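Listing of work29.csv; format and content: CSV, C-alpha atoms.
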```
chain,number,residue,atom,x,y,z
Y,1,MET,CA,4.8,3.4,19.2
Y,2,LEU,CA,7.8,5.7,19.1
Y,3,SER,CA,9.9,4.3,16.3
Y,4,PRO,CA,13.1,6.0,15.3
Y,5,LEU,CA,12.4,5.1,11.7
Y,6,PHE,CA,9.0,6.9,11.7
Y,7,THR,CA,10.6,9.8,13.5
Y,8,PHE,CA,13.4,9.9,10.9
Y,9,ALA,CA,10.9,9.7,8.0
Y,10,GLU,CA,8.8,12.5,9.6
Y,11,TYR,CA,11.8,14.7,10.0
Y,12,HIS,CA,12.8,14.1,6.3
Y,13,ILE,CA,9.3,14.4,4.9
Y,14,LYS,CA,10.0,17.3,2.6
Y,15,ASP,CA,12.9,15.4,1.0
Y,16,ILE,CA,10.8,12.3,0.6
Y,17,VAL,CA,8.0,14.2,-1.1
Y,18,ALA,CA,10.4,16.2,-3.3
Y,19,GLN,CA,11.9,12.9,-4.5
Y,20,TRP,CA,8.4,11.6,-5.2
Y,21,MET,CA,7.6,14.8,-7.1
Y,22,VAL,CA,10.6,14.5,-9.4
Y,23,THR,CA,10.6,10.8,-10.0
Y,24,THR,CA,6.8,10.0,-10.1
Y,25,TYR,CA,4.5,13.0,-10.2
Y,26,VAL,CA,6.2,14.8,-13.1
Y,27,ASN,CA,5.7,11.7,-15.3
Y,28,SER,CA,1.9,11.5,-14.6
Y,29,GLU,CA,-0.9,12.5,-16.9
Y,30,GLU,CA,-2.3,14.7,-14.1
Y,31,TYR,CA,1.0,16.7,-14.2
Y,32,ALA,CA,0.9,16.9,-18.0
Y,33,LYS,CA,-2.6,18.3,-17.9
Y,34,ARG,CA,-2.1,20.8,-15.0
Y,35,LYS,CA,1.6,21.8,-14.9
Y,36,PHE,CA,0.8,25.3,-16.3
Y,37,ILE,CA,-1.9,26.1,-13.8
Y,38,PRO,CA,-0.4,28.6,-11.4
Y,39,GLY,CA,0.1,27.2,-7.9
Y,40,PHE,CA,-1.0,23.6,-8.8
Y,41,MET,CA,2.4,22.0,-8.2
Y,42,ASP,CA,2.7,23.7,-4.9
Y,43,GLU,CA,-0.7,22.4,-3.9
Y,44,VAL,CA,0.2,18.9,-4.9
Y,45,GLU,CA,3.4,19.1,-2.9
Y,46,ARG,CA,1.4,20.5,0.1
Y,47,GLU,CA,-1.2,17.7,-0.2
Y,48,ALA,CA,1.4,14.9,-0.4
Y,49,THR,CA,3.4,16.4,2.5
Y,50,TRP,CA,0.2,16.8,4.6
Y,51,LEU,CA,-1.0,13.2,3.9
Y,52,LEU,CA,2.4,11.6,4.6
Y,53,ARG,CA,2.8,13.7,7.8
Y,54,HIS,CA,-0.7,12.7,8.9
Y,55,ILE,CA,0.1,9.0,8.4
Y,56,LEU,CA,3.4,9.2,10.1
Y,57,LYS,CA,2.1,11.2,13.1
Y,58,GLN,CA,-0.9,9.1,13.7
Y,59,THR,CA,1.2,5.9,13.5
Y,60,GLN,CA,3.7,7.3,15.9
Y,61,LYS,CA,1.0,8.2,18.4
Y,62,GLY,CA,-0.6,4.8,18.0
Y,63,ASP,CA,-3.8,6.4,16.8
Y,64,ALA,CA,-6.0,5.3,13.9
Y,65,ILE,CA,-5.4,6.9,10.6
Y,66,ASP,CA,-8.4,8.8,9.3
Y,67,TYR,CA,-8.8,7.1,6.0
Y,68,GLN,CA,-11.9,9.2,5.2
Y,69,LEU,CA,-9.4,12.0,4.4
Y,70,VAL,CA,-7.8,9.7,1.8
Y,71,GLU,CA,-11.2,8.9,0.3
Y,72,ASN,CA,-11.8,12.6,0.0
Y,73,ILE,CA,-8.6,13.0,-1.9
Y,74,GLY,CA,-9.7,10.1,-4.2
Y,75,GLU,CA,-13.0,11.9,-4.8
Y,76,ASP,CA,-11.2,15.1,-5.6
Y,77,ARG,CA,-8.9,13.3,-8.1
Y,78,LYS,CA,-11.9,11.6,-9.7
Y,79,GLU,CA,-13.6,15.0,-10.2
Y,80,MET,CA,-10.4,16.4,-11.7
Y,81,GLY,CA,-10.4,13.5,-14.2
Y,82,THR,CA,-7.3,11.8,-12.9
Y,83,SER,CA,-7.1,8.1,-13.7
Y,84,GLN,CA,-7.8,6.0,-10.6
Y,85,THR,CA,-5.1,3.5,-11.7
Y,86,GLU,CA,-2.6,6.3,-12.1
Y,87,PHE,CA,-3.4,7.9,-8.8
Y,88,ILE,CA,-3.2,4.6,-6.9
Y,89,HIS,CA,0.1,3.9,-8.7
Y,90,SER,CA,1.4,7.3,-7.6
Y,91,CYS,CA,0.4,6.6,-3.9
Y,92,SER,CA,2.2,3.2,-4.2
Y,93,ASN,CA,5.3,4.9,-5.5
Y,94,LEU,CA,5.2,7.4,-2.5
Y,95,CYS,CA,5.3,4.3,-0.3
Y,96,HIS,CA,8.3,2.8,-2.1
Y,97,ILE,CA,10.2,6.1,-2.1
Y,98,LEU,CA,9.6,6.4,1.6
Y,99,LEU,CA,10.9,2.9,2.2
Y,100,ARG,CA,13.9,3.5,-0.1
Y,101,TYR,CA,14.8,6.8,1.6
Y,102,VAL,CA,14.8,5.1,5.0
Y,103,GLN,CA,16.7,2.1,3.6
Y,104,GLN,CA,19.4,4.5,2.3
Y,105,ALA,CA,19.7,6.1,5.7
Y,106,VAL,CA,20.1,2.7,7.3
Y,107,ASP,CA,22.7,1.7,4.7
Y,108,THR,CA,24.7,4.8,5.4
Y,109,GLN,CA,24.2,4.5,9.1
Y,110,GLN,CA,22.4,7.8,9.5
Y,111,ILE,CA,20.1,5.8,11.6
Y,112,THR,CA,20.8,2.4,13.2
Y,113,PRO,CA,17.6,0.6,14.1
Y,114,SER,CA,17.5,-3.0,15.3
Y,115,GLN,CA,16.6,-5.6,12.7
Y,116,GLU,CA,13.2,-6.0,14.4
Y,117,GLU,CA,12.5,-2.2,14.3
Y,118,TYR,CA,13.4,-2.1,10.6
Y,119,GLN,CA,11.2,-5.1,9.7
Y,120,THR,CA,8.3,-3.7,11.8
Y,121,PHE,CA,8.7,-0.3,10.0
Y,122,GLN,CA,8.6,-2.0,6.6
Y,123,ARG,CA,5.6,-4.1,7.5
Y,124,ASP,CA,3.7,-1.2,9.0
Y,125,VAL,CA,4.4,1.1,6.0
Y,126,HIS,CA,3.3,-1.5,3.5
Y,127,ALA,CA,0.1,-2.2,5.6
Y,128,ILE,CA,-0.7,1.5,5.8
Y,129,PHE,CA,-0.2,2.2,2.1
Y,130,ARG,CA,-2.3,-0.9,1.2
Y,131,GLN,CA,-5.1,0.9,3.2
Y,132,VAL,CA,-4.3,4.2,1.5
Y,133,CYS,CA,-4.7,2.7,-1.9
Y,134,LEU,CA,-7.9,0.8,-0.9
Y,135,HIS,CA,-9.4,4.1,0.4
Y,136,VAL,CA,-8.3,6.1,-2.6
Y,137,GLY,CA,-10.3,3.5,-4.6
Y,138,LYS,CA,-13.3,4.0,-2.3
Y,139,GLY,CA,-13.1,7.7,-3.0
Y,140,TYR,CA,-13.3,7.1,-6.7
Y,141,THR,CA,-16.4,4.9,-6.3
Y,142,SER,CA,-18.3,7.1,-3.9
Y,143,ASN,CA,-21.1,9.3,-5.2
```

Now, as a test, write the supplied structure out as structure tokens.
Amino acid sequence: MLSPLFTFAEYHIKDIVAQWMVTTYVNSEEYAKRKFIPGFMDEVEREATWLLRHILKQTQKGDAIDYQLVENIGEDRKEMGTSQTEFIHSCSNLCHILLRYVQQAVDTQQITPSQEEYQTFQRDVHAIFRQVCLHVGKGYTSN
């Protein structure tokens, strides 16, 4: 499924993640606890970029997303003492920022998808992030 919207999002992934970092992540308890750990912010940015890139690439190729990777991230966050609710909220915010970023590009005509392409993109992104949040939760409940 070669969608110009997924391609656009993938091309602008660093901007999307940067927006998530400054609007969501810096307001989290995890950030407050770890902001002075050398390299931690860079690692969070790399992880979010990698996860979003994986999701976008797999979707573009029509391949299944490996949600086990998401569960592993949930397990890691649990071990770090990050609240499950906070982390799921953070993932949800990444979804909303992605959608808003693309919406702004459509509004300013940086990209001009058909109405059907845009609705499909929104539907797919919401469905994917519902699964991401579900699998984060599974990561928190695994042994």

- Could you give me, as JSON, numbers by chain, the residues that sit within 12 Å of (0.5, 9.9, -18.7) in the file's coordinates, counting all atoms listed in the file? {"Y": [24, 25, 26, 27, 28, 29, 30, 31, 32, 33, 34, 82, 83, 85, 86, 87, 89, 90]}

- Query: Can you tell me how far atom CA of Y:Val44 sits from atom CA of Y:Ile73, in Å to one decimal?
  - Reply: 11.0 Å

- Do a neighbour search on Y:Ile111 at 12 Å with only C-alpha atoms, toss out local chain neighbours closer than 4 positions, and write the hits as JSON, numbers by chain. {"Y": [3, 4, 5, 6, 7, 8, 9, 101, 102, 103, 104, 105, 106, 107, 115, 117, 118]}

- Query: Expressed in Å to a single decimal, how great is the separation between atom CA of Y:Ile128 and atom CA of Y:Thr49?
  - Reply: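 Atom-to-atom, atom CA of Y:Ile128 and atom CA of Y:Thr49 are spaced 15.8 Å apart.
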
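Going from atom CA of Y:His135 to atom CA of Y:Glu71 covers 5.1 Å.
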
- Exercise: residues within 10 Å of coordinate (8.5, 17.1, -5.7), counting all atoms listed in the file, as a ChimeraX atom specification: /Y:14-26,41-42,44-46,48-49

- Task: Would you mind telling me which residue in Y:Asn72, Y:Gly81, Y:His126, Y:Gly62 lies nearest to Y:Lys138 when using all atoms listed in the file?
- Result: Y:Asn72
